[in-house]
Structure formats: structure tokens, C-alpha cells
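> The following file, entry_5.csv, comprises CSV, C-alpha atoms:
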chain,number,residue,atom,x,y,z
R,272,MET,CA,141.3,63.4,88.6
R,273,SER,CA,143.5,60.8,90.2
R,274,ASP,CA,143.4,57.3,88.8
R,275,ASN,CA,141.7,55.8,91.9
R,276,THR,CA,138.4,57.6,91.3
R,277,VAL,CA,135.8,57.4,88.6
R,278,LYS,CA,133.1,59.8,87.6
R,279,THR,CA,129.5,58.7,88.0
R,280,LYS,CA,126.7,59.8,85.6
R,281,ASP,CA,125.6,62.6,88.0
R,282,GLY,CA,129.2,63.9,87.9
R,283,LEU,CA,130.1,62.9,91.5
R,284,MET,CA,133.5,61.5,92.2
R,285,LYS,CA,133.4,58.0,93.5
R,286,ALA,CA,136.2,55.8,94.6
R,287,GLU,CA,136.4,52.5,92.8
R,288,GLU,CA,135.4,49.4,94.6
R,289,PRO,CA,138.3,47.0,95.3
R,290,LEU,CA,138.7,44.2,92.8
R,291,MET,CA,137.3,41.0,94.3
R,292,ASP,CA,137.4,38.7,91.3
R,293,HIS,CA,140.1,36.6,93.0
R,294,PHE,CA,137.4,34.9,95.2
R,295,THR,CA,134.7,32.5,94.2
R,296,SER,CA,131.5,31.6,96.0
R,297,LYS,CA,133.4,28.6,97.4
R,298,ASP,CA,135.8,31.0,99.2
R,299,TYR,CA,132.9,32.8,100.8
R,300,LYS,CA,132.1,29.6,102.8
R,301,ASP,CA,135.1,30.5,105.0
R,302,PHE,CA,134.7,34.2,105.4
R,303,TYR,CA,132.1,36.9,105.0
R,304,GLU,CA,131.1,37.9,101.5
R,305,PRO,CA,130.6,41.6,101.0
R,306,ALA,CA,126.9,42.2,101.4
R,307,GLN,CA,124.4,45.1,101.8
R,308,ASP,CA,126.0,46.1,105.1
R,309,SER,CA,129.5,46.2,103.5
R,310,TYR,CA,128.1,48.5,100.7
R,311,LEU,CA,126.4,50.8,103.3
R,312,PHE,CA,129.8,50.9,105.0
R,313,ILE,CA,131.7,52.0,101.9
R,314,ASP,CA,128.9,54.5,101.0
R,315,SER,CA,129.4,56.1,104.4
R,316,LEU,CA,133.1,56.3,104.0
R,317,LEU,CA,132.5,57.9,100.6
R,318,ASN,CA,130.1,60.5,102.2
R,319,ASP,CA,132.9,61.4,104.6
R,320,ALA,CA,135.6,61.4,102.0
R,321,SER,CA,136.5,65.1,102.3
R,322,SER,CA,136.6,65.1,106.1
R,323,LEU,CA,138.6,61.8,106.1
R,324,LYS,CA,141.1,63.3,103.6
R,325,SER,CA,141.5,66.6,105.4
R,326,MET,CA,142.0,64.8,108.7
R,327,ASN,CA,144.9,63.0,107.0
R,328,PRO,CA,145.0,59.7,108.9
R,329,TYR,CA,148.4,58.1,109.4
R,330,ILE,CA,147.1,54.8,110.9
R,331,CYS,CA,143.8,53.2,109.9
R,332,LEU,CA,142.5,50.0,111.4
R,333,GLU,CA,139.7,47.6,110.6
R,334,ILE,CA,138.7,45.1,113.3
R,335,GLY,CA,137.3,41.9,111.8
R,336,SER,CA,138.2,42.7,108.2
R,337,GLY,CA,136.8,39.5,106.6
R,338,SER,CA,137.4,39.5,102.9
R,339,GLY,CA,139.2,42.9,103.2
R,340,PHE,CA,136.6,44.7,101.0
R,341,VAL,CA,136.0,47.7,103.3
R,342,ILE,CA,139.6,48.4,104.4
R,343,ASN,CA,140.8,48.1,100.8
R,344,TYR,CA,138.1,50.5,99.8
R,345,LEU,CA,139.2,53.0,102.4
R,346,ALA,CA,142.8,52.7,101.1
R,347,LYS,CA,141.6,53.5,97.6
R,348,LEU,CA,139.3,56.3,98.8
R,349,LEU,CA,142.2,58.1,100.6
R,350,GLY,CA,144.2,58.1,97.4
R,351,PRO,CA,147.8,57.2,96.3
R,352,ASN,CA,149.7,56.0,99.4
R,353,ASN,CA,153.3,55.0,98.6
R,354,GLY,CA,154.0,54.5,102.3
R,355,SER,CA,152.5,57.7,103.6
R,356,ARG,CA,149.8,55.8,105.6
R,357,LEU,CA,149.7,52.5,107.4
R,358,PHE,CA,146.6,50.3,107.1
R,359,LEU,CA,146.1,47.6,109.7
R,360,ALA,CA,143.4,44.8,109.7
R,361,THR,CA,142.7,42.2,112.3
R,362,ASP,CA,140.6,39.1,112.1
R,363,ILE,CA,140.1,36.2,114.6
R,364,ASN,CA,139.5,33.9,111.7
R,365,PRO,CA,142.8,32.8,110.0
R,366,LYS,CA,141.0,32.3,106.6
R,367,ALA,CA,139.6,35.8,106.8
R,368,ALA,CA,143.0,37.2,107.7
R,369,LEU,CA,144.5,35.5,104.6
R,370,ALA,CA,141.6,36.7,102.4
R,371,THR,CA,142.3,40.3,103.5
R,372,VAL,CA,146.0,39.9,102.5
R,373,LYS,CA,144.9,38.4,99.1
R,374,THR,CA,142.5,41.3,98.5
R,375,ALA,CA,145.3,43.8,99.3
R,376,GLN,CA,147.6,42.0,96.8
R,377,ARG,CA,144.9,41.9,94.1
R,378,ASN,CA,144.5,45.6,94.5
R,379,SER,CA,148.2,46.4,94.7
R,380,HIS,CA,148.0,47.8,98.3
R,381,GLU,CA,151.4,47.4,99.8
R,382,ASN,CA,150.7,49.3,103.0
R,383,LEU,CA,148.1,47.1,104.5
R,384,ASP,CA,149.2,44.6,107.2
R,385,VAL,CA,147.0,41.9,108.6
R,386,ILE,CA,147.1,40.3,112.0
R,387,ASN,CA,145.3,37.1,113.0
R,388,THR,CA,144.1,38.2,116.4
R,389,SER,CA,141.1,39.1,118.5
R,390,PHE,CA,140.1,42.8,118.4
R,391,ILE,CA,143.5,44.7,118.8
R,392,GLN,CA,145.2,42.1,121.0
R,393,SER,CA,149.0,42.5,120.5
R,394,LEU,CA,148.6,46.0,119.1
R,395,GLU,CA,147.8,47.6,122.5
R,396,ARG,CA,150.9,49.8,122.3
R,397,LEU,CA,149.2,51.6,119.4
R,398,LYS,CA,146.3,52.7,121.6
R,399,GLY,CA,145.5,56.4,121.1
R,400,HIS,CA,147.1,56.4,117.7
R,401,PHE,CA,144.4,55.0,115.4
R,402,ASP,CA,143.0,57.8,113.3
R,403,VAL,CA,140.3,55.7,111.7
R,404,VAL,CA,138.8,52.5,113.1
R,405,LEU,CA,136.3,50.5,111.1
R,406,PHE,CA,134.1,47.7,112.7
R,407,ASN,CA,131.4,45.7,111.0
R,408,PRO,CA,130.7,43.5,114.0
R,409,PRO,CA,129.0,40.2,114.3
R,410,TYR,CA,125.6,41.8,115.1
R,411,VAL,CA,123.2,39.0,114.6
R,412,PRO,CA,121.3,38.1,117.8
R,413,THR,CA,122.2,34.4,118.6
R,414,GLU,CA,122.7,32.2,121.6
R,415,SER,CA,125.8,33.2,123.5
R,416,GLU,CA,127.5,29.8,122.8
R,417,GLU,CA,127.4,30.5,119.1
R,418,ILE,CA,130.0,33.2,119.4
R,419,LYS,CA,132.6,30.6,120.2
R,420,LEU,CA,132.0,28.5,117.1
R,421,GLY,CA,134.8,30.3,115.2
R,422,GLY,CA,135.3,30.2,111.5
R,423,ILE,CA,132.7,32.2,109.5
R,424,ALA,CA,130.3,32.2,112.5
R,425,ALA,CA,132.7,34.8,114.0
R,426,SER,CA,131.5,37.2,111.2
R,427,TRP,CA,127.9,37.1,112.3
R,428,ALA,CA,127.2,35.5,115.7
R,429,GLY,CA,126.6,38.3,118.1
R,430,GLY,CA,125.1,36.6,121.2
R,431,ILE,CA,122.3,38.3,123.2
R,432,ASP,CA,120.8,41.2,121.3
R,433,GLY,CA,123.8,40.8,118.9
R,434,ARG,CA,125.6,42.9,121.4
R,435,GLU,CA,128.0,40.6,123.2
R,436,VAL,CA,131.0,41.2,120.9
R,437,ILE,CA,130.1,44.8,120.3
R,438,ASP,CA,130.0,45.5,124.1
R,439,LYS,CA,133.5,44.1,124.5
R,440,LEU,CA,134.9,46.7,122.1
R,441,LEU,CA,132.9,49.8,123.1
R,442,PRO,CA,134.7,50.6,126.4
R,443,GLN,CA,138.0,50.3,124.5
R,444,ILE,CA,137.1,52.8,121.8
R,445,PRO,CA,138.0,56.0,123.7
R,446,HIS,CA,141.5,54.5,124.4
R,447,ILE,CA,142.0,53.2,120.9
R,448,LEU,CA,141.2,56.3,118.8
R,449,SER,CA,143.5,59.2,118.4
R,450,GLY,CA,142.2,62.6,119.5
R,451,LYS,CA,141.1,63.4,115.9
R,452,GLY,CA,140.0,59.9,115.2
R,453,PHE,CA,136.8,58.5,113.6
R,454,PHE,CA,135.1,55.3,114.5
R,455,TYR,CA,132.7,53.6,112.2
R,456,MET,CA,130.4,50.7,113.2
R,457,VAL,CA,127.5,48.9,111.6
R,458,LEU,CA,124.5,48.2,113.8
R,459,VAL,CA,121.0,46.7,113.3
R,460,GLN,CA,117.9,47.7,115.2
R,461,GLU,CA,118.0,44.5,117.3
R,462,ASN,CA,121.3,45.8,118.8
R,463,LYS,CA,119.4,48.7,120.5
R,464,PRO,CA,121.4,51.4,118.8
R,465,LYS,CA,120.0,54.2,121.0
R,466,ASN,CA,121.6,52.4,124.0
R,467,VAL,CA,124.9,52.1,122.1
R,468,ILE,CA,124.8,55.8,121.4
R,469,SER,CA,124.1,56.7,125.1
R,470,ILE,CA,127.0,54.5,126.1
R,471,MET,CA,129.3,56.3,123.7
R,472,ASP,CA,127.9,59.6,124.8
R,473,THR,CA,129.1,59.0,128.3
R,474,TYR,CA,132.6,58.5,126.8
R,475,GLY,CA,132.3,61.9,125.2
R,476,PHE,CA,131.6,61.1,121.6
R,477,ASN,CA,129.7,62.9,118.9
R,478,TYR,CA,127.9,60.7,116.5
R,479,LYS,CA,126.3,60.7,113.1
R,480,VAL,CA,124.0,57.9,111.9
R,481,ASN,CA,123.6,56.7,108.3
R,482,ILE,CA,120.5,54.7,107.7
R,483,SER,CA,119.4,52.0,105.4
R,484,ASN,CA,118.2,48.6,106.6
R,485,PHE,CA,121.3,48.9,108.7
R,486,LEU,CA,122.5,51.7,110.8
R,487,LEU,CA,126.1,52.9,110.5
R,488,ILE,CA,127.4,55.0,113.3
R,489,ASN,CA,130.3,57.4,112.9
R,490,LEU,CA,131.7,58.5,116.2
R,491,ASN,CA,134.4,61.0,117.0
R,492,ALA,CA,135.5,62.8,120.1
R,493,LYS,CA,133.5,65.8,121.1
R,494,ASN,CA,136.4,68.2,121.2
R,495,ASN,CA,136.7,67.8,117.5
R,496,ASN,CA,133.9,69.5,115.7
R,497,ILE,CA,134.3,68.2,112.2
R,498,LEU,CA,131.1,66.2,112.4
R,499,SER,CA,127.7,67.5,113.7
R,500,SER,CA,125.7,65.5,116.1
R,501,SER,CA,122.4,64.3,114.9
R,502,VAL,CA,120.0,61.4,115.4
R,503,LEU,CA,118.4,60.5,112.1
R,504,TYR,CA,116.2,57.6,113.2
M,1042,MET,CA,153.9,42.6,107.7
M,1043,LYS,CA,156.1,45.7,107.7
M,1044,ILE,CA,158.9,46.1,110.2
M,1045,LEU,CA,156.8,49.1,111.4
M,1046,THR,CA,153.9,46.9,112.4
M,1047,TYR,CA,156.2,44.3,114.0
M,1048,ASN,CA,157.9,47.1,116.0
M,1049,MET,CA,154.6,48.2,117.5
M,1050,MET,CA,153.4,44.8,118.5
M,1051,SER,CA,153.8,43.0,121.8
M,1052,CYS,CA,153.0,39.6,123.4
M,1053,SER,CA,149.3,38.8,123.5
M,1054,LYS,CA,149.4,37.6,127.1
M,1055,LYS,CA,148.0,39.9,129.7
M,1056,GLN,CA,150.8,39.1,132.2
M,1057,CYS,CA,153.3,40.4,129.7
M,1058,VAL,CA,151.8,43.9,129.4
M,1059,GLY,CA,154.6,46.4,129.5
M,1060,LYS,CA,157.3,43.8,129.2
M,1061,GLY,CA,156.2,41.7,126.2
M,1062,HIS,CA,158.1,43.9,123.7
M,1063,PRO,CA,160.2,44.2,121.5
M,1064,LEU,CA,159.4,40.7,120.3
M,1065,LYS,CA,162.4,38.8,119.1
M,1066,LEU,CA,162.2,38.4,115.4
M,1067,ASP,CA,163.4,35.4,113.4
M,1068,CYS,CA,162.7,36.2,109.7
M,1069,THR,CA,163.1,33.4,107.1
M,1070,GLU,CA,161.5,35.2,104.2
M,1071,SER,CA,161.2,38.9,103.5
M,1072,GLN,CA,160.2,41.3,100.8
M,1073,THR,CA,161.6,44.7,99.9
M,1074,LEU,CA,159.4,47.5,98.5
M,1075,THR,CA,160.6,50.5,96.5
M,1076,GLN,CA,158.2,53.2,97.6
M,1077,ASP,CA,159.5,56.8,97.7
M,1078,PHE,CA,160.6,58.3,100.9
M,1079,GLN,CA,157.7,59.9,102.9
M,1080,LEU,CA,159.3,62.4,105.3
M,1081,GLU,CA,156.0,63.5,107.0
M,1082,PHE,CA,154.9,60.0,107.7
M,1083,ILE,CA,158.2,58.7,109.1
M,1084,LYS,CA,158.6,61.8,111.3
M,1085,ASN,CA,155.1,61.1,112.7
M,1086,MET,CA,155.9,57.4,113.4
M,1087,ILE,CA,159.1,58.2,115.3
M,1088,PRO,CA,157.6,58.8,118.7
M,1089,ARG,CA,155.8,55.5,118.5
M,1090,LEU,CA,158.9,53.4,117.6
M,1091,ASP,CA,160.7,51.1,120.0
M,1092,TRP,CA,164.3,51.8,119.4
M,1093,ASP,CA,165.6,48.6,121.0
M,1094,GLY,CA,163.5,46.7,118.5
M,1095,ILE,CA,164.8,48.9,115.6
M,1096,ARG,CA,168.4,48.3,116.7
M,1097,ALA,CA,167.8,44.6,116.9
M,1098,VAL,CA,166.4,44.1,113.4
M,1099,ALA,CA,168.2,46.7,111.3
M,1100,PRO,CA,171.4,44.5,110.8
M,1101,MET,CA,169.2,41.5,109.7
M,1102,PHE,CA,168.1,43.6,106.6
M,1103,ASN,CA,171.6,45.1,106.1
M,1104,ILE,CA,170.5,48.6,107.0
M,1105,ASN,CA,173.0,50.6,108.9
M,1106,LEU,CA,171.4,53.3,111.1
M,1107,GLY,CA,174.6,54.2,113.0
M,1108,ASP,CA,175.2,54.1,116.7
M,1109,ASN,CA,173.6,57.2,117.9
M,1110,ILE,CA,170.0,56.8,116.7
M,1111,GLU,CA,168.4,59.4,119.0
M,1112,GLY,CA,170.8,62.0,117.9
M,1113,GLN,CA,170.0,61.6,114.2
M,1114,LEU,CA,166.2,62.2,114.2
M,1115,GLU,CA,166.6,65.3,112.1
M,1116,ASN,CA,169.1,63.8,109.7
M,1117,GLU,CA,167.4,63.1,106.4
M,1118,GLU,CA,169.8,60.4,105.3
M,1119,PHE,CA,169.1,58.5,108.6
M,1120,LEU,CA,165.4,59.0,108.1
M,1121,LYS,CA,165.6,57.6,104.6
M,1122,ASN,CA,167.3,54.5,105.9
M,1123,LEU,CA,164.8,54.2,108.7
M,1124,PHE,CA,161.9,54.5,106.1
M,1125,LYS,CA,163.6,51.7,104.0
M,1126,LEU,CA,163.7,49.5,107.1
M,1127,VAL,CA,160.3,50.1,108.7
M,1128,VAL,CA,158.0,50.9,105.7
M,1129,ASN,CA,159.7,49.2,102.7
M,1130,THR,CA,160.7,46.0,104.4
M,1131,LYS,CA,158.1,43.3,104.9
M,1132,ILE,CA,158.3,40.0,106.9
M,1133,ILE,CA,156.6,37.2,104.9
M,1134,LYS,CA,157.6,34.2,107.0
M,1135,GLY,CA,159.2,33.9,110.4
M,1136,LYS,CA,158.6,33.8,114.1
M,1137,LEU,CA,158.2,36.3,117.0
M,1138,THR,CA,159.2,35.4,120.5
M,1139,CYS,CA,158.1,37.2,123.6
M,1140,PRO,CA,161.1,38.5,125.6
M,1141,SER,CA,159.2,38.0,128.9
M,1142,CYS,CA,157.4,34.6,128.6
M,1143,ASN,CA,159.1,33.1,125.5
M,1144,ARG,CA,155.8,32.4,123.9
M,1145,GLU,CA,156.3,31.9,120.1
M,1146,TYR,CA,154.1,33.4,117.5
M,1147,PHE,CA,154.4,32.3,113.8
M,1148,ILE,CA,154.2,34.4,110.7
M,1149,GLU,CA,152.9,32.9,107.5
M,1150,ASN,CA,152.0,34.8,104.3
M,1151,GLY,CA,153.0,37.9,106.1
M,1152,ILE,CA,150.4,37.3,108.8
M,1153,PRO,CA,151.4,36.9,112.4
M,1154,ASN,CA,149.2,34.6,114.4
M,1155,MET,CA,148.8,36.3,117.7
M,1156,LEU,CA,145.8,34.3,119.0
M,1157,LEU,CA,146.1,32.6,122.4
M,1158,ARG,CA,144.9,29.1,123.2
M,1159,GLU,CA,142.0,28.9,125.6
M,1160,ASP,CA,144.2,27.7,128.4
M,1161,GLU,CA,146.6,30.6,127.9
M,1162,ILE,CA,143.6,33.1,128.2
M,1163,TYR,CA,142.5,31.2,131.3
M,1164,GLN,CA,146.0,31.6,132.7
M,1165,ASP,CA,145.6,35.4,132.4
M,1166,ILE,CA,142.4,35.4,134.4
M,1167,LYS,CA,143.9,33.3,137.1
M,1168,GLU,CA,146.9,35.7,137.6
Let's see the structure in the file written out as C-alpha cells.


Amino acid sequence: MSDNTVKTKDGLMKAEEPLMDHFTSKDYKDFYEPAQDSYLFIDSLLNDASSLKSMNPYICLEIGSGSGFVINYLAKLLGPNNGSRLFLATDINPKAALATVKTAQRNSHENLDVINTSFIQSLERLKGHFDVVLFNPPYVPTESEEIKLGGIAASWAGGIDGREVIDKLLPQIPHILSGKGFFYMVLVQENKPKNVISIMDTYGFNYKVNISNFLLINLNAKNNNILSSSVLY
Amino acid sequence: MKILTYNMMSCSKKQCVGKGHPLKLDCTESQTLTQDFQLEFIKNMIPRLDWDGIRAVAPMFNINLGDNIEGQLENEEFLKNLFKLVVNTKIIKGKLTCPSCNREYFIENGIPNMLLREDEIYQDIKE
């Protein structure tokens, strides 16, 4: 047993959650505090732990990393690193970008770099090389104008159907992911997830859906059969 | 931010696509890590590296990669030096400058700010 996993009562191996005690409730006025959707996210990564490990990702990316909770969890889940993988995180909110750096430092992750940018702007040369892409988008349906508010609003304001930010990224996904890549995204029912899936289907993706109050969709290219295709809702 | 990440980045402006790299680096604060050499990882990163960018920054961190970089890709000593430069060297503070439009991007706390102002985005749409 490596030191980054703990054993639960039922004997299952579980990756430890990142330490987050360097933030107080005051900090979470400036960036998104890990919530139910964040926990659904890490549970889904844990469920896929063996396929993620056997895929052996070199470059993992989180778009909109906020506090850095999810990408730091993935780093722990994949085990000791020592420079054998590169983790990248982007956030349009400067305070969230700094928070992700602080969470990496608190958790002694030296191979996570954070860029203050929109989506993958300035990282376009890495298109086709991201083995894992994580995205907990601003999915809350709002007025379109609210998207431009910036700051913490960037973590939730999703415009019409909560889809406006999501729909900017979807067409890029086939170009961003490597051939073996996995893409994880949180959606809520208001986002019309069946429509999202049919869009991704036209790009040639398999998908798997994890349900709680949120939907978490894991997509990967159809020529890679690690994951089965199923609709669970 | 690692030299590896810096090396793969380019100017955010749309009119600089294809010519906005390698960004010119001015580094005023850096950090050196001591992680063990990872052969598989560095070999996997090699096809993605911009060698002009590597050549430009190696001397700043006192790493000698020799003259004939492309001829040494199987040489383990070379790869160890390359690993030291791209994986174990981090930029904490400094500035990136686009070789095409001269736009400057600042790095603080290891984070490059690659966001464009609204008028710069509008500029892209116009062109």
C-alpha cells in the first residue's frame, strides 16, 4: 500500500482527499469552495482509478480549477509522481489560479503548473496531447450577461440553460484530448445532458454517466474501448 | 511554472497563432527541484518541445546541453540535463514576451497571466 491511499472500513482502497486546511470561509468568497459536485467528481475519478492508472497519463489538465481540490485529488490518486507526469490547471479568475497553486503547495505537489487564462488559451500547442481533461463548468442557468461578471461568478454563471460556457468548450474537446484521452465534465439536468451527449456522439466519443444530484460524464474516443457506453439516466 | 510548461506555451492573441512562440523569457526568480530522473517521461515530452525555446533558456539556468541537441536524443547524460532544465526548474517570477507582437505577460507566484484585455480580443475578431 503506497502512502497516498488509505483503507476504508469495507476494505476498499481510497485516495486521500487533498488537504484544504490552508483556506478559511473568507477565502471561499473569492473562489469556489469544494461542494457536492466536487465530491461527485473525485468519486468518479476514484471509480476509474484502475483505467486511469493503466492508461498512464503524461499530461493531465483541469480547466477552471478553482480551489485546486479536484486536480490535486487526481494527482494523489495517480500515485507518487516525482516528475513522471505533468499536471496543468487553468482558471480565468486570478484568485482561483493562486488558490490552486497554494493547494498544490499544501499537498507537496511539485508537478502542477497553473495558468491564469480562459479555457486552454496560450496552451494551444498542446492540443492532442492531454491524456486527462477535467471540467467542472459554470453550469448554473443565468442571464447571459452574468457570465462576464468575473471573480467567483465565473465558477457558476453558465448563461442560457447553463450551457453557454460549456458549449464554447465542447467543439474543442476532440482536438484537445490525446487519442487515449479521458474527458470528465459535471452537468446538471438543466444543461440538457442528452443533448450534450448527442453532440459528443457526433464527434465520435463514448460516454459513461455517473449520477447523483449531478451528472458526471466521462467521455473518450470510440476507437479506445476501455470504457463501455451506457446511459444510466 | 516549469520550463516544460513555459516551452509549450504561446502568445494568447489569435493573430499570433503559429508565430507566437517560443515566448521570450525574463526570469527574476526561479526554484530548483531535486526530483529523480524520469527517462520515460522525458522521452515522451521530446517530440513536443520547441528546441529554439530550450536553447534560449538553458544558459539562464546554467545548464549546458551542448551544440548538437537533435543528435543527442538517445544520450542519457543529455536527457538528464534536459530533465533538470524542463522538469526540475520552475519560474516563480518574471515576464514572457511574444516574439511576434511583443505583448508582455507577467509571471507572479509561478502563475503566468495569459488573459487578454477586452480590446485585444476585439482586435482578434476584427482581423

> Please return, as a PDB file with C-alpha atoms, keeping the file's coordinate frame, all residues of chain R lying within 10 Å of chain M when all atoms listed in the file are considered.


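Written out: iface-v4.pdb:
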ATOM      1  CA  PRO R 328     145.000  59.700 108.900  1.00  0.00           C
ATOM      2  CA  TYR R 329     148.400  58.100 109.400  1.00  0.00           C
ATOM      3  CA  ILE R 330     147.100  54.800 110.900  1.00  0.00           C
ATOM      4  CA  ASN R 352     149.700  56.000  99.400  1.00  0.00           C
ATOM      5  CA  ASN R 353     153.300  55.000  98.600  1.00  0.00           C
ATOM      6  CA  GLY R 354     154.000  54.500 102.300  1.00  0.00           C
ATOM      7  CA  SER R 355     152.500  57.700 103.600  1.00  0.00           C
ATOM      8  CA  ARG R 356     149.800  55.800 105.600  1.00  0.00           C
ATOM      9  CA  LEU R 357     149.700  52.500 107.400  1.00  0.00           C
ATOM     10  CA  PHE R 358     146.600  50.300 107.100  1.00  0.00           C
ATOM     11  CA  LEU R 359     146.100  47.600 109.700  1.00  0.00           C
ATOM     12  CA  THR R 361     142.700  42.200 112.300  1.00  0.00           C
ATOM     13  CA  ASP R 362     140.600  39.100 112.100  1.00  0.00           C
ATOM     14  CA  ILE R 363     140.100  36.200 114.600  1.00  0.00           C
ATOM     15  CA  ASN R 364     139.500  33.900 111.700  1.00  0.00           C
ATOM     16  CA  PRO R 365     142.800  32.800 110.000  1.00  0.00           C
ATOM     17  CA  ALA R 368     143.000  37.200 107.700  1.00  0.00           C
ATOM     18  CA  LEU R 369     144.500  35.500 104.600  1.00  0.00           C
ATOM     19  CA  VAL R 372     146.000  39.900 102.500  1.00  0.00           C
ATOM     20  CA  LYS R 373     144.900  38.400  99.100  1.00  0.00           C
ATOM     21  CA  GLU R 381     151.400  47.400  99.800  1.00  0.00           C
ATOM     22  CA  ASN R 382     150.700  49.300 103.000  1.00  0.00           C
ATOM     23  CA  LEU R 383     148.100  47.100 104.500  1.00  0.00           C
ATOM     24  CA  ASP R 384     149.200  44.600 107.200  1.00  0.00           C
ATOM     25  CA  VAL R 385     147.000  41.900 108.600  1.00  0.00           C
ATOM     26  CA  ILE R 386     147.100  40.300 112.000  1.00  0.00           C
ATOM     27  CA  ASN R 387     145.300  37.100 113.000  1.00  0.00           C
ATOM     28  CA  THR R 388     144.100  38.200 116.400  1.00  0.00           C
ATOM     29  CA  SER R 389     141.100  39.100 118.500  1.00  0.00           C
ATOM     30  CA  ILE R 391     143.500  44.700 118.800  1.00  0.00           C
ATOM     31  CA  GLN R 392     145.200  42.100 121.000  1.00  0.00           C
ATOM     32  CA  SER R 393     149.000  42.500 120.500  1.00  0.00           C
ATOM     33  CA  LEU R 394     148.600  46.000 119.100  1.00  0.00           C
ATOM     34  CA  GLU R 395     147.800  47.600 122.500  1.00  0.00           C
ATOM     35  CA  ARG R 396     150.900  49.800 122.300  1.00  0.00           C
ATOM     36  CA  LEU R 397     149.200  51.600 119.400  1.00  0.00           C
ATOM     37  CA  HIS R 400     147.100  56.400 117.700  1.00  0.00           C
TER      38      HIS R 400
END

> May I have the residues within 12 Å of Leu349 in chain R as a count of residues only, using all atoms listed in the file and disregarding those fewer than 4 positions away in the same chain?

32

> Enter the distance from CA of Pro1088 in chain M to CA of Gly1135 in chain M, in Å, rounded to one decimal.

26.3 Å

> Any idea what the distance is between CA of Ser315 in chain R and CA of Pro445 in chain R?

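Computed distance, CA of Ser315 in chain R to CA of Pro445 in chain R, equals 21.1 Å.
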
> Quick one, how far is CA of Val480 in chain R from CA of Val404 in chain R?

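Separation between CA of Val480 in chain R and CA of Val404 in chain R: 15.8 Å.
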
> Using only C-alpha atoms, give me every residue within 7 Å of (164.0, 44.0, 109.0) in file coordinates, as a VMD selection string.

chain M and resid 1044 1098 to 1099 1101 to 1102 1126 1130

> Which polymer residues have any atom within 12 Å of an atom of Glu1111 in chain M, counting all atoms listed in the file, with same-chain residues fewer than 6 positions away left out, as a ChimeraX atom specification?

/M:1087-1088,1090-1093,1095-1096,1119-1120

> Let me make sure I understand: among M:Val1127, M:Cys1057, M:Ile1132, M:Leu1106, which one has the smallest atom-to-atom distance to Gln1072 in chain M if we use all atoms listed in the file?

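Answer, going by the shortest atom-to-atom distance: M:Ile1132.
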